[in-house]
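Printed here is entry-v2.pdb (PDB, C-alpha atoms and all ligand atoms):
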```pdb
ATOM      1  CA  MET A   1     -52.333  48.348 -33.055
ATOM      2  CA  ARG A   2     -50.865  45.060 -34.174
ATOM      3  CA  GLY A   3     -50.353  44.708 -37.939
ATOM      4  CA  ASP A   4     -52.133  42.204 -40.155
ATOM      5  CA  ASN A   5     -49.142  40.768 -42.043
ATOM      6  CA  VAL A   6     -48.125  37.118 -41.914
ATOM      7  CA  ILE A   7     -44.413  36.799 -41.114
ATOM      8  CA  LEU A   8     -42.512  33.578 -41.736
ATOM      9  CA  VAL A   9     -39.444  32.809 -39.629
ATOM     10  CA  GLY A  10     -37.174  29.791 -39.441
ATOM     11  CA  PHE A  11     -33.689  28.465 -40.088
ATOM     12  CA  MET A  12     -32.055  28.471 -43.519
ATOM     13  CA  GLY A  13     -33.706  25.823 -45.675
ATOM     14  CA  ALA A  14     -37.036  26.007 -43.829
ATOM     15  CA  GLY A  15     -38.764  26.904 -47.099
ATOM     16  CA  LYS A  16     -39.749  30.440 -46.107
ATOM     17  CA  SER A  17     -39.462  31.791 -49.683
ATOM     18  CA  VAL A  18     -41.275  28.979 -51.470
ATOM     19  CA  ILE A  19     -43.967  28.581 -48.825
ATOM     20  CA  GLY A  20     -44.362  32.351 -48.504
ATOM     21  CA  ARG A  21     -44.857  32.861 -52.209
ATOM     22  CA  LEU A  22     -47.512  30.128 -52.425
ATOM     23  CA  LEU A  23     -49.180  31.258 -49.239
ATOM     24  CA  ALA A  24     -49.439  34.823 -50.560
ATOM     25  CA  ARG A  25     -51.039  33.518 -53.732
ATOM     26  CA  ARG A  26     -53.542  31.414 -51.776
ATOM     27  CA  LEU A  27     -54.425  34.368 -49.538
ATOM     28  CA  GLY A  28     -54.482  36.895 -52.388
ATOM     29  CA  ARG A  29     -51.785  38.966 -50.715
ATOM     30  CA  CYS A  30     -48.469  40.487 -51.747
ATOM     31  CA  PHE A  31     -45.243  38.638 -50.971
ATOM     32  CA  VAL A  32     -42.157  40.387 -49.587
ATOM     33  CA  GLU A  33     -38.736  39.003 -48.641
ATOM     34  CA  THR A  34     -36.370  40.832 -46.337
ATOM     35  CA  ASP A  35     -33.359  39.434 -48.231
ATOM     36  CA  ASP A  36     -34.738  40.919 -51.464
ATOM     37  CA  MET A  37     -35.358  44.275 -49.771
ATOM     38  CA  ILE A  38     -31.731  44.315 -48.617
ATOM     39  CA  VAL A  39     -30.339  43.368 -52.029
ATOM     40  CA  ALA A  40     -32.551  45.943 -53.777
ATOM     41  CA  ARG A  41     -31.433  48.668 -51.423
ATOM     42  CA  ASP A  42     -27.744  47.777 -51.198
ATOM     43  CA  GLY A  43     -27.237  46.724 -54.797
ATOM     44  CA  ARG A  44     -24.985  43.751 -53.974
ATOM     45  CA  PRO A  45     -25.876  40.068 -53.628
ATOM     46  CA  ILE A  46     -25.928  38.832 -50.007
ATOM     47  CA  PRO A  47     -22.766  36.674 -50.219
ATOM     48  CA  GLU A  48     -20.896  39.749 -51.458
ATOM     49  CA  ILE A  49     -22.188  41.894 -48.573
ATOM     50  CA  PHE A  50     -20.924  39.215 -46.134
ATOM     51  CA  ARG A  51     -17.590  38.896 -47.953
ATOM     52  CA  GLN A  52     -16.871  42.609 -48.289
ATOM     53  CA  ASP A  53     -18.414  44.073 -45.134
ATOM     54  CA  GLY A  54     -18.929  41.123 -42.756
ATOM     55  CA  GLU A  55     -21.889  39.684 -40.891
ATOM     56  CA  GLU A  56     -22.459  42.667 -38.576
ATOM     57  CA  ALA A  57     -22.914  44.996 -41.555
ATOM     58  CA  PHE A  58     -25.513  42.601 -42.954
ATOM     59  CA  ARG A  59     -27.315  42.528 -39.594
ATOM     60  CA  ARG A  60     -27.511  46.327 -39.652
ATOM     61  CA  LEU A  61     -29.146  46.134 -43.078
ATOM     62  CA  GLU A  62     -31.617  43.645 -41.606
ATOM     63  CA  ALA A  63     -32.449  46.140 -38.846
ATOM     64  CA  GLU A  64     -33.216  48.743 -41.543
ATOM     65  CA  ALA A  65     -35.394  46.210 -43.369
ATOM     66  CA  VAL A  66     -37.402  45.599 -40.176
ATOM     67  CA  GLU A  67     -37.951  49.361 -39.889
ATOM     68  CA  ALA A  68     -39.115  49.498 -43.517
ATOM     69  CA  LEU A  69     -41.555  46.633 -42.905
ATOM     70  CA  ARG A  70     -43.559  48.890 -40.616
ATOM     71  CA  SER A  71     -45.216  50.380 -43.698
ATOM     72  CA  LYS A  72     -46.542  46.968 -44.807
ATOM     73  CA  THR A  73     -50.137  45.897 -44.334
ATOM     74  CA  GLY A  74     -51.694  42.576 -45.245
ATOM     75  CA  ASP A  75     -48.524  41.144 -46.798
ATOM     76  CA  VAL A  76     -46.849  37.771 -46.450
ATOM     77  CA  ILE A  77     -43.267  38.444 -45.360
ATOM     78  CA  ALA A  78     -40.394  35.931 -45.489
ATOM     79  CA  THR A  79     -37.467  36.827 -43.227
ATOM     80  CA  GLY A  80     -33.811  35.779 -43.470
ATOM     81  CA  GLY A  81     -32.919  32.948 -41.075
ATOM     82  CA  GLY A  82     -30.859  35.167 -38.768
ATOM     83  CA  LEU A  83     -33.127  38.216 -38.770
ATOM     84  CA  PRO A  84     -35.292  37.281 -35.750
ATOM     85  CA  CYS A  85     -32.273  36.244 -33.673
ATOM     86  CA  ARG A  86     -31.390  39.504 -31.955
ATOM     87  CA  GLU A  87     -32.703  41.082 -28.796
ATOM     88  CA  GLY A  88     -36.141  42.594 -29.387
ATOM     89  CA  ARG A  89     -36.487  41.379 -32.977
ATOM     90  CA  MET A  90     -39.245  38.852 -32.351
ATOM     91  CA  ASP A  91     -41.230  41.561 -30.556
ATOM     92  CA  ALA A  92     -40.727  43.878 -33.535
ATOM     93  CA  LEU A  93     -41.893  41.141 -35.925
ATOM     94  CA  ARG A  94     -44.903  40.270 -33.787
ATOM     95  CA  ALA A  95     -45.937  43.930 -33.846
ATOM     96  CA  LEU A  96     -46.217  43.571 -37.642
ATOM     97  CA  GLY A  97     -48.681  40.679 -37.564
ATOM     98  CA  THR A  98     -48.852  36.938 -37.016
ATOM     99  CA  VAL A  99     -45.415  35.310 -36.832
ATOM    100  CA  VAL A 100     -45.236  31.712 -38.062
ATOM    101  CA  TRP A 101     -42.208  29.508 -37.372
ATOM    102  CA  LEU A 102     -41.599  26.901 -40.064
ATOM    103  CA  ARG A 103     -39.916  24.315 -37.856
ATOM    104  CA  GLY A 104     -37.842  21.545 -39.407
ATOM    105  CA  GLU A 105     -35.249  18.906 -38.558
ATOM    106  CA  LEU A 106     -31.699  20.204 -38.924
ATOM    107  CA  PRO A 107     -30.429  17.578 -41.426
ATOM    108  CA  GLU A 108     -33.405  18.225 -43.712
ATOM    109  CA  LEU A 109     -33.011  22.012 -43.348
ATOM    110  CA  LEU A 110     -29.330  21.839 -44.237
ATOM    111  CA  ALA A 111     -29.882  19.570 -47.219
ATOM    112  CA  ARG A 112     -32.469  22.006 -48.571
ATOM    113  CA  ALA A 113     -30.374  25.089 -47.801
ATOM    114  CA  ARG A 114     -27.400  23.613 -49.641
ATOM    115  CA  ARG A 115     -29.542  22.835 -52.691
ATOM    116  CA  THR A 116     -30.948  26.345 -52.964
ATOM    117  CA  GLY A 117     -28.326  29.044 -53.325
ATOM    118  CA  ALA A 118     -25.350  30.468 -51.459
ATOM    119  CA  ARG A 119     -25.579  30.599 -47.644
ATOM    120  CA  PRO A 120     -22.596  32.521 -46.179
ATOM    121  CA  MET A 121     -23.580  31.478 -42.639
ATOM    122  CA  LEU A 122     -22.985  27.821 -43.511
ATOM    123  CA  GLU A 123     -19.542  28.399 -44.998
ATOM    124  CA  ARG A 124     -16.437  27.576 -42.967
ATOM    125  CA  ARG A 125     -18.501  26.213 -40.068
ATOM    126  CA  SER A 126     -18.163  22.699 -38.696
ATOM    127  CA  PRO A 127     -21.276  20.521 -38.272
ATOM    128  CA  GLU A 128     -21.000  21.140 -34.502
ATOM    129  CA  GLU A 129     -20.892  24.911 -35.007
ATOM    130  CA  ILE A 130     -23.907  24.775 -37.298
ATOM    131  CA  ALA A 131     -25.806  22.660 -34.758
ATOM    132  CA  ALA A 132     -24.953  25.227 -32.046
ATOM    133  CA  LEU A 133     -26.119  28.081 -34.295
ATOM    134  CA  HIS A 134     -29.396  26.248 -34.894
ATOM    135  CA  ARG A 135     -29.880  25.563 -31.164
ATOM    136  CA  ALA A 136     -29.270  29.211 -30.265
ATOM    137  CA  ARG A 137     -31.728  30.407 -32.892
ATOM    138  CA  VAL A 138     -34.522  28.059 -31.873
ATOM    139  CA  ALA A 139     -34.914  30.112 -28.676
ATOM    140  CA  TYR A 140     -35.902  33.085 -30.836
ATOM    141  CA  TYR A 141     -38.054  31.259 -33.374
ATOM    142  CA  ALA A 142     -39.963  29.643 -30.496
ATOM    143  CA  GLN A 143     -41.390  33.072 -29.616
ATOM    144  CA  ALA A 144     -43.537  32.899 -32.791
ATOM    145  CA  ASP A 145     -47.324  33.051 -32.518
ATOM    146  CA  LEU A 146     -47.730  29.820 -34.473
ATOM    147  CA  VAL A 147     -45.440  26.837 -34.985
ATOM    148  CA  VAL A 148     -45.846  24.683 -38.082
ATOM    149  CA  ASP A 149     -43.903  21.433 -38.287
ATOM    150  CA  THR A 150     -42.547  20.825 -41.755
ATOM    151  CA  ALA A 151     -40.460  17.652 -41.234
ATOM    152  CA  GLY A 152     -40.980  15.204 -44.060
ATOM    153  CA  LEU A 153     -43.714  17.309 -45.683
ATOM    154  CA  GLY A 154     -43.998  18.641 -49.224
ATOM    155  CA  VAL A 155     -44.576  22.292 -50.053
ATOM    156  CA  ASP A 156     -48.339  21.948 -50.592
ATOM    157  CA  GLN A 157     -48.752  20.124 -47.296
ATOM    158  CA  VAL A 158     -46.863  22.833 -45.429
ATOM    159  CA  VAL A 159     -48.935  25.590 -47.063
ATOM    160  CA  ALA A 160     -52.117  23.734 -46.070
ATOM    161  CA  ARG A 161     -50.868  23.478 -42.486
ATOM    162  CA  VAL A 162     -50.028  27.178 -42.321
ATOM    163  CA  LEU A 163     -53.440  28.108 -43.718
ATOM    164  CA  ALA A 164     -55.138  25.820 -41.173
ATOM    165  CA  ALA A 165     -53.103  27.285 -38.308
ATOM    166  CA  LEU A 166     -53.966  30.845 -39.396
ATOM    167  CA  ARG A 167     -57.659  29.968 -39.678
ATOM    168  CA  GLU A 168     -57.657  28.358 -36.243
ATOM    169  CA  ARG A 169     -56.043  31.409 -34.768
ATOM    170  CA  ASP A 170     -58.571  33.722 -36.412
ATOM    171  CA  ALA A 171     -61.441  31.568 -35.148
ATOM    172  CA  ALA A 172     -60.033  31.664 -31.611
ATOM    173  CA  ARG A 173     -59.917  35.455 -31.764
ATOM    174  CA  VAL A 174     -63.610  35.985 -32.525
TER     175      VAL A 174
HETATM  176  C1  LIG B   1     -28.989  34.012 -43.118
HETATM  177  C2  LIG B   1     -29.998  33.454 -43.879
HETATM  178  C3  LIG B   1     -30.235  33.827 -45.274
HETATM  179  C4  LIG B   1     -29.739  35.255 -45.537
HETATM  180  C5  LIG B   1     -28.312  35.397 -45.110
HETATM  181  C6  LIG B   1     -28.111  35.096 -43.621
HETATM  182  C7  LIG B   1     -28.813  33.534 -41.732
HETATM  183  O1  LIG B   1     -31.623  33.739 -45.579
HETATM  184  O2  LIG B   1     -30.534  36.182 -44.852
HETATM  185  O3  LIG B   1     -27.538  34.522 -45.894
HETATM  186  O4  LIG B   1     -28.101  34.189 -40.940
HETATM  187  O5  LIG B   1     -29.415  32.486 -41.383
HETATM  188  P1  LIG B   1     -32.416  32.320 -45.662
HETATM  189  O6  LIG B   1     -32.898  31.995 -44.284
HETATM  190  O7  LIG B   1     -33.523  32.590 -46.601
HETATM  191  O8  LIG B   1     -31.450  31.314 -46.153
END
```
Show me the file's structure as structure tokens.
Amino acid sequence: MRGDNVILVGFMGAGKSVIGRLLARRLGRCFVETDDMIVARDGRPIPEIFRQDGEEAFRRLEAEAVEALRSKTGDVIATGGGLPCREGRMDALRALGTVVWLRGELPELLARARRTGARPMLERRSPEEIAALHRARVAYYAQADLVVDTAGLGVDQVVARVLAALRERDAARV
């Protein structure tokens, strides 16, 4: 049976952590972040994992995190921006519950990502390379159950939109 978690996906800077935390509070649910699960398990910060072991090693840790998520019920889960972007990953996430894509405009996403902590995937990449990375990832995010546009919106407005989208989906199911 399909799980009853709410899973947030989207590019770096989409606001998955902030929105997820508020959303969990509004829904009275627990909040989980795959990046935190990885750091807790590995013991190193993410930039250090990338620096010492490389991206592929980090992606393997993400695969383990997805496995571990199978024990979750009723949680709000924020995923790392690259986690859904592998073959079969969106299916695995959708098996856990309702997947919500926080969709934004690339310049706004990048501005936010650069304000909020280290992002190894944005280092040493040209603007063209970052745009290509974003384009390639959109094909995965677009497989979400729900798409919420965040462009130009504040955190509270985005949370309200996600809640409305979840309610609409629940109503359509009955
Ligand atoms: C990554 C996004 C990061 C983190 C890691 C890799 C990516 O999470 O998982 O730096 O590949 O897009 P956020 O999406 O929370 O920035």
* Find the residues near ligand LIG 1 (chain B). Use a cut-off of 7 Å, count only C-alpha atoms and all ligand atoms, and write them as a count of residues only. => 18
* To do: Apply the PyMOL selection byres (((chain A and resi 153-160) around 9) and not hetatm) to the file shown and report the selected residues as a ChimeraX atom specification.
  => /A:15,18-20,22-23,26,102,148-152,161-165
* To do: Give me, please, the distance in Å between CA of Thr98 (chain A) and CA of Ala118 (chain A), quoted to one decimal.
  => 28.3 Å
* To do: Do a neighbour search on Asp145 (chain A) at 12 Å with all atoms listed in the file, toss out local chain neighbours closer than 5 positions, and write the hits as an NGL selection string.
  => :A and (6-9 or 90-91 or 93-102 or 140 or 162 or 165-166 or 168-170)
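Of the residues listed (A:Glu62, A:Asp42, A:Glu105, A:Glu123), A:Glu105 shows the shortest atom-to-atom separation from Arg135 (chain A); distances use only C-alpha atoms.
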